[in-house]
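Reproduced below: protein25.csv, with CSV, C-alpha atoms.
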```csv
chain,number,residue,atom,x,y,z
A,586,CYS,CA,27.4,-75.6,0.4
A,587,ALA,CA,25.3,-76.0,3.5
A,588,ILE,CA,23.9,-73.5,6.0
A,589,ALA,CA,23.7,-74.9,9.5
A,590,PHE,CA,21.2,-73.5,11.9
A,591,HIS,CA,22.5,-75.5,14.9
A,592,GLY,CA,19.1,-76.4,16.1
A,593,ASN,CA,17.8,-72.9,16.3
A,594,ILE,CA,14.4,-73.0,14.8
A,595,ILE,CA,14.0,-69.3,15.0
A,596,ASP,CA,17.0,-68.8,12.6
A,597,LEU,CA,15.6,-71.4,10.2
A,598,LEU,CA,12.1,-69.8,10.2
A,599,ALA,CA,13.6,-66.4,9.6
A,600,TYR,CA,15.8,-67.7,6.7
A,601,MET,CA,12.8,-69.4,5.1
A,602,ASP,CA,10.9,-66.0,5.3
A,603,ASP,CA,13.5,-63.8,3.7
A,604,GLY,CA,16.5,-65.9,2.5
A,605,MET,CA,18.9,-63.9,4.7
A,606,VAL,CA,21.5,-65.4,7.1
A,607,ARG,CA,23.7,-63.9,9.8
A,608,PRO,CA,26.9,-65.9,10.4
A,609,THR,CA,28.0,-66.4,13.9
A,610,GLY,CA,29.8,-63.4,15.2
A,611,CYS,CA,28.5,-61.1,12.5
A,612,GLU,CA,26.2,-58.2,13.0
A,613,ASP,CA,24.9,-58.0,9.4
A,614,ARG,CA,22.6,-60.3,7.5
A,615,PHE,CA,23.1,-61.1,3.9
A,616,PRO,CA,21.2,-63.1,1.2
A,617,ALA,CA,22.1,-66.7,0.8
A,618,PRO,CA,19.8,-68.1,-2.0
A,619,ALA,CA,19.2,-71.8,-1.6
A,620,VAL,CA,16.5,-74.4,-2.0
A,621,VAL,CA,15.5,-76.0,1.2
A,622,VAL,CA,14.6,-79.7,0.9
A,623,ALA,CA,13.3,-81.7,3.8
A,624,ALA,CA,12.2,-85.3,4.0
A,625,THR,CA,10.6,-87.4,6.7
A,626,ASN,CA,8.6,-90.5,7.2
A,627,ARG,CA,6.9,-88.8,10.2
A,628,PRO,CA,3.2,-87.7,10.1
A,629,VAL,CA,4.1,-84.0,10.4
A,630,GLU,CA,0.8,-82.8,8.7
A,631,ALA,CA,-1.2,-84.8,11.2
A,632,TRP,CA,0.9,-83.4,14.0
A,633,VAL,CA,0.3,-79.9,12.8
A,634,GLU,CA,-3.4,-80.4,12.4
A,635,ALA,CA,-3.6,-81.9,16.0
A,636,LYS,CA,-1.4,-79.0,17.3
A,637,ASP,CA,1.1,-81.6,18.5
A,638,GLU,CA,4.3,-79.9,19.7
A,639,ARG,CA,6.6,-82.3,17.9
A,640,PHE,CA,6.4,-80.2,14.7
A,641,ARG,CA,5.7,-76.5,14.3
A,642,GLY,CA,2.9,-75.6,11.8
A,643,ASP,CA,4.5,-72.3,11.0
A,644,LEU,CA,7.6,-74.2,9.6
A,645,LEU,CA,5.4,-76.5,7.4
A,646,ALA,CA,3.6,-73.4,6.1
A,647,ARG,CA,6.8,-71.9,4.8
A,648,PHE,CA,7.4,-74.8,2.3
A,649,ASP,CA,6.1,-73.8,-1.1
A,650,HIS,CA,5.7,-77.3,-2.3
A,651,VAL,CA,5.0,-80.5,-0.4
A,652,VAL,CA,5.5,-83.7,-2.3
A,653,ARG,CA,4.1,-86.9,-0.9
A,654,ILE,CA,5.6,-90.2,-2.1
A,655,PRO,CA,3.8,-93.3,-1.1
A,656,PRO,CA,5.8,-96.1,0.5
A,657,LEU,CA,7.3,-98.6,-1.9
A,658,ARG,CA,4.8,-101.3,-0.9
A,659,GLU,CA,2.1,-99.1,-2.4
A,660,ARG,CA,4.0,-98.6,-5.7
A,661,THR,CA,4.6,-102.1,-6.9
A,662,ALA,CA,4.2,-100.9,-10.5
A,663,ASP,CA,7.5,-99.0,-10.0
A,664,LEU,CA,9.5,-101.9,-8.8
A,665,ARG,CA,11.0,-103.2,-12.0
A,666,LEU,CA,12.2,-99.7,-13.0
A,667,LEU,CA,13.7,-99.2,-9.5
A,668,ILE,CA,15.4,-102.6,-9.6
A,669,SER,CA,16.9,-101.6,-13.0
A,670,LEU,CA,18.1,-98.3,-11.7
A,671,VAL,CA,19.6,-99.8,-8.5
A,672,LEU,CA,21.5,-102.4,-10.7
A,673,GLN,CA,22.9,-99.5,-12.7
A,674,ASP,CA,24.2,-97.7,-9.6
A,675,GLU,CA,28.0,-98.2,-9.5
A,676,GLU,CA,28.0,-98.3,-5.7
A,677,VAL,CA,25.6,-101.2,-5.7
A,678,ASN,CA,26.8,-103.0,-8.8
A,679,PRO,CA,30.4,-102.2,-9.9
A,680,ARG,CA,29.8,-104.1,-13.1
A,681,THR,CA,29.6,-107.3,-11.2
A,682,VAL,CA,26.3,-108.6,-12.6
A,683,GLU,CA,25.0,-107.9,-16.1
A,684,ARG,CA,21.4,-109.2,-15.7
A,685,ILE,CA,18.9,-110.4,-13.2
A,686,SER,CA,16.8,-113.6,-13.4
A,687,LEU,CA,13.0,-113.5,-13.6
A,688,GLU,CA,12.9,-115.5,-10.4
A,689,ALA,CA,14.9,-112.8,-8.7
A,690,ILE,CA,12.7,-110.1,-10.0
A,691,ASP,CA,9.6,-112.0,-8.8
A,692,PHE,CA,11.1,-112.5,-5.4
A,693,LEU,CA,11.9,-108.7,-5.1
A,694,GLU,CA,8.4,-107.8,-6.2
A,695,ARG,CA,6.8,-110.0,-3.5
A,696,GLN,CA,8.7,-108.2,-0.6
A,697,SER,CA,6.9,-105.7,1.7
A,698,TYR,CA,9.8,-103.3,2.1
A,699,SER,CA,9.1,-101.8,5.5
A,700,GLY,CA,12.5,-100.0,5.0
A,701,ASN,CA,11.3,-98.6,1.7
A,702,PHE,CA,13.8,-97.9,-1.1
A,703,ARG,CA,16.9,-98.3,1.2
A,704,GLU,CA,15.8,-101.9,2.0
A,705,LEU,CA,15.4,-102.7,-1.7
A,706,ARG,CA,18.8,-101.2,-2.5
A,707,THR,CA,20.5,-103.1,0.4
A,708,LYS,CA,18.9,-106.4,-0.6
A,709,ILE,CA,20.1,-106.0,-4.2
A,710,GLN,CA,23.6,-104.9,-3.1
A,711,ARG,CA,24.0,-107.9,-0.9
A,712,GLY,CA,22.8,-110.1,-3.7
A,713,VAL,CA,25.3,-108.5,-6.1
A,714,ARG,CA,28.1,-109.2,-3.7
A,715,ARG,CA,27.1,-112.9,-3.4
A,716,ALA,CA,26.9,-113.2,-7.1
A,717,GLY,CA,30.3,-111.6,-7.4
A,718,ARG,CA,31.9,-114.0,-5.0
A,719,GLU,CA,30.4,-116.8,-7.0
A,720,GLY,CA,31.6,-115.3,-10.3
A,721,SER,CA,28.0,-115.1,-11.6
A,722,LEU,CA,27.1,-112.5,-14.2
A,723,THR,CA,23.4,-113.1,-13.4
A,724,LEU,CA,21.8,-112.0,-10.1
A,725,GLY,CA,19.7,-115.0,-9.3
A,726,LEU,CA,17.2,-115.9,-6.6
A,727,ARG,CA,19.8,-117.8,-4.6
A,728,HIS,CA,21.8,-114.5,-4.3
A,729,LEU,CA,18.9,-112.6,-2.7
A,730,VAL,CA,17.5,-115.2,-0.3
A,731,GLU,CA,19.3,-114.9,3.0
```
Mind turning this structure into structure tokens?
Amino acid sequence: CAIAFHGNIIDLLAYMDDGMVRPTGCEDRFPAPAVVVAATNRPVEAWVEAKDERFRGDLLARFDHVVRIPPLRERTADLRLLISLVLQDEEVNPRTVERISLEAIDFLERQSYSGNFRELRTKIQRGVRRAGREGSLTLGLRHLVE
């Protein structure tokens, strides 16, 4: 279930303060418990600190927890685990490949991933499709190099 605020930041701020919503056309507000999760690759904290109008500091202040996840290029130690998880995703690999070659893993580990996780996922998905067309059960380097 989603609650839409239709771009009205005042409604969103009020909701984050008290967890109450007022549906369009209604006079009364009622509680709508939810967890608000937001994600961005924008420097919102720097904007808030600089009093930049692109992001309101009072909105950021309402989040109880802020989790910073470094870009994939800074988490190379996580790559093998992420590659394994992506290959287990049915949307990426509908049981087309059963294993990945060491050369393919080495290739994936040497990429910079400016597109972060989505880029890694897309690269593997394309490789799985190529391997599938070839009938290969192993995702190899030749399937990843475009």
Inset, instruction - Taking the point (18.4, -114.3, -13.0) as given in the file, collect each protein or nucleic acid residue that comes within 12 Å of it, counting all atoms listed in the file, and present the set as a ChimeraX atom specification. - result: /A:682-693,712-713,716,721-729
Legend entry - Two-atom distance - CA of Arg706 in chain A, CA of Thr661 in chain A (Å): 14.9 Å
Legend entry - Using all atoms listed in the file: which of A:Lys708, A:Arg665, A:Arg653, A:Arg660 has the shortest distance to Val629 in chain A: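 Among the listed residues, A:Arg653 lies closest to Val629 in chain A.
From CA of Glu731 in chain A back to CA of Ser697 in chain A, the distance works out to 15.5 Å.
In this structure, CA of Leu597 in chain A sits 8.5 Å away from CA of Leu644 in chain A.
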Inset, instruction - Please provide as a ChimeraX atom specification all residues within 6 Å of Met605 in chain A, with the sequence filter that same-chain residues fewer than 4 positions apart are discarded (counting all atoms listed in the file). - result: /A:600,614-617
Inset, instruction - Check the smallest atom-to-atom distance from each of A:Met601, A:Leu664, A:Leu670, A:Leu657 to Val621 in chain A using only C-alpha atoms, then report the winner. - result: A:Met601
Inset, instruction - Please provide as a list in words all residues within 12 Å of Pro628 in chain A, with the sequence filter that same-chain residues fewer than 4 positions apart are discarded (counting all atoms listed in the file). - result: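 Returned residues: Ala624, Trp632, Val633, Glu634, Ala635, Asp637, Arg639, Phe640, Leu645 and Arg653 of chain A.
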Inset, instruction - Determine the nearest neighbour of Arg641 in chain A from the options A:Val677, A:Ile654, A:Ile594, A:Val620, counting only C-alpha atoms. - result: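 Ranking A:Val677, A:Ile654, A:Ile594, A:Val620 by distance to Arg641 in chain A, first place goes to A:Ile594.
Comparing the minimum interatomic distances between Glu630 in chain A and each of A:Ile668, A:Val606, A:Val651, A:Asp613, counting all atoms listed in the file, we find that A:Val651 sits nearest.
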Reconstruct N, CA and C atoms of range 595-622 of chain A; output as a CSV table (one decimal), in the coordinates of the input.
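See selection35.csv below for the written result:
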```csv
chain,number,residue,atom,x,y,z
A,595,ILE,N,14.3,-70.7,15.3
A,595,ILE,CA,14.0,-69.3,15.0
A,595,ILE,C,14.8,-68.8,13.8
A,596,ASP,N,16.1,-69.2,13.7
A,596,ASP,CA,17.0,-68.8,12.6
A,596,ASP,C,16.5,-69.4,11.3
A,597,LEU,N,16.1,-70.7,11.4
A,597,LEU,CA,15.6,-71.4,10.2
A,597,LEU,C,14.3,-70.7,9.7
A,598,LEU,N,13.4,-70.4,10.6
A,598,LEU,CA,12.1,-69.8,10.2
A,598,LEU,C,12.4,-68.4,9.6
A,599,ALA,N,13.3,-67.7,10.2
A,599,ALA,CA,13.6,-66.4,9.6
A,599,ALA,C,14.3,-66.5,8.2
A,600,TYR,N,15.2,-67.5,8.0
A,600,TYR,CA,15.8,-67.7,6.7
A,600,TYR,C,14.7,-68.1,5.7
A,601,MET,N,13.8,-68.9,6.1
A,601,MET,CA,12.8,-69.4,5.1
A,601,MET,C,11.8,-68.2,4.8
A,602,ASP,N,11.7,-67.2,5.6
A,602,ASP,CA,10.9,-66.0,5.3
A,602,ASP,C,11.6,-65.1,4.3
A,603,ASP,N,12.9,-64.8,4.5
A,603,ASP,CA,13.5,-63.8,3.7
A,603,ASP,C,14.8,-64.2,3.0
A,604,GLY,N,15.3,-65.5,3.2
A,604,GLY,CA,16.5,-65.9,2.5
A,604,GLY,C,17.8,-65.2,3.0
A,605,MET,N,17.7,-64.6,4.2
A,605,MET,CA,18.9,-63.9,4.7
A,605,MET,C,19.5,-64.7,5.9
A,606,VAL,N,20.8,-64.7,6.0
A,606,VAL,CA,21.5,-65.4,7.1
A,606,VAL,C,22.4,-64.4,7.8
A,607,ARG,N,22.7,-64.7,9.1
A,607,ARG,CA,23.7,-63.9,9.8
A,607,ARG,C,24.7,-64.9,10.4
A,608,PRO,N,25.9,-64.9,9.8
A,608,PRO,CA,26.9,-65.9,10.4
A,608,PRO,C,27.2,-65.6,11.8
A,609,THR,N,27.6,-66.6,12.5
A,609,THR,CA,28.0,-66.4,13.9
A,609,THR,C,29.1,-65.4,14.1
A,610,GLY,N,28.8,-64.5,15.0
A,610,GLY,CA,29.8,-63.4,15.2
A,610,GLY,C,29.7,-62.2,14.4
A,611,CYS,N,28.7,-62.2,13.4
A,611,CYS,CA,28.5,-61.1,12.5
A,611,CYS,C,27.3,-60.3,12.9
A,612,GLU,N,27.3,-59.0,12.7
A,612,GLU,CA,26.2,-58.2,13.0
A,612,GLU,C,25.2,-58.1,11.8
A,613,ASP,N,25.7,-58.1,10.6
A,613,ASP,CA,24.9,-58.0,9.4
A,613,ASP,C,24.4,-59.3,8.9
A,614,ARG,N,23.2,-59.2,8.2
A,614,ARG,CA,22.6,-60.3,7.5
A,614,ARG,C,22.8,-60.1,6.1
A,615,PHE,N,23.0,-61.2,5.3
A,615,PHE,CA,23.1,-61.1,3.9
A,615,PHE,C,22.3,-62.2,3.2
A,616,PRO,N,22.0,-62.0,1.9
A,616,PRO,CA,21.2,-63.1,1.2
A,616,PRO,C,22.1,-64.3,0.9
A,617,ALA,N,21.4,-65.4,1.1
A,617,ALA,CA,22.1,-66.7,0.8
A,617,ALA,C,21.0,-67.6,0.1
A,618,PRO,N,20.9,-67.4,-1.3
A,618,PRO,CA,19.8,-68.1,-2.0
A,618,PRO,C,20.1,-69.6,-1.9
A,619,ALA,N,19.1,-70.3,-1.6
A,619,ALA,CA,19.2,-71.8,-1.6
A,619,ALA,C,17.8,-72.4,-1.7
A,620,VAL,N,17.8,-73.7,-2.0
A,620,VAL,CA,16.5,-74.4,-2.0
A,620,VAL,C,16.6,-75.3,-0.8
A,621,VAL,N,15.5,-75.2,0.0
A,621,VAL,CA,15.5,-76.0,1.2
A,621,VAL,C,14.6,-77.2,0.9
A,622,VAL,N,15.3,-78.4,1.1
A,622,VAL,CA,14.6,-79.7,0.9
A,622,VAL,C,14.6,-80.4,2.2
```
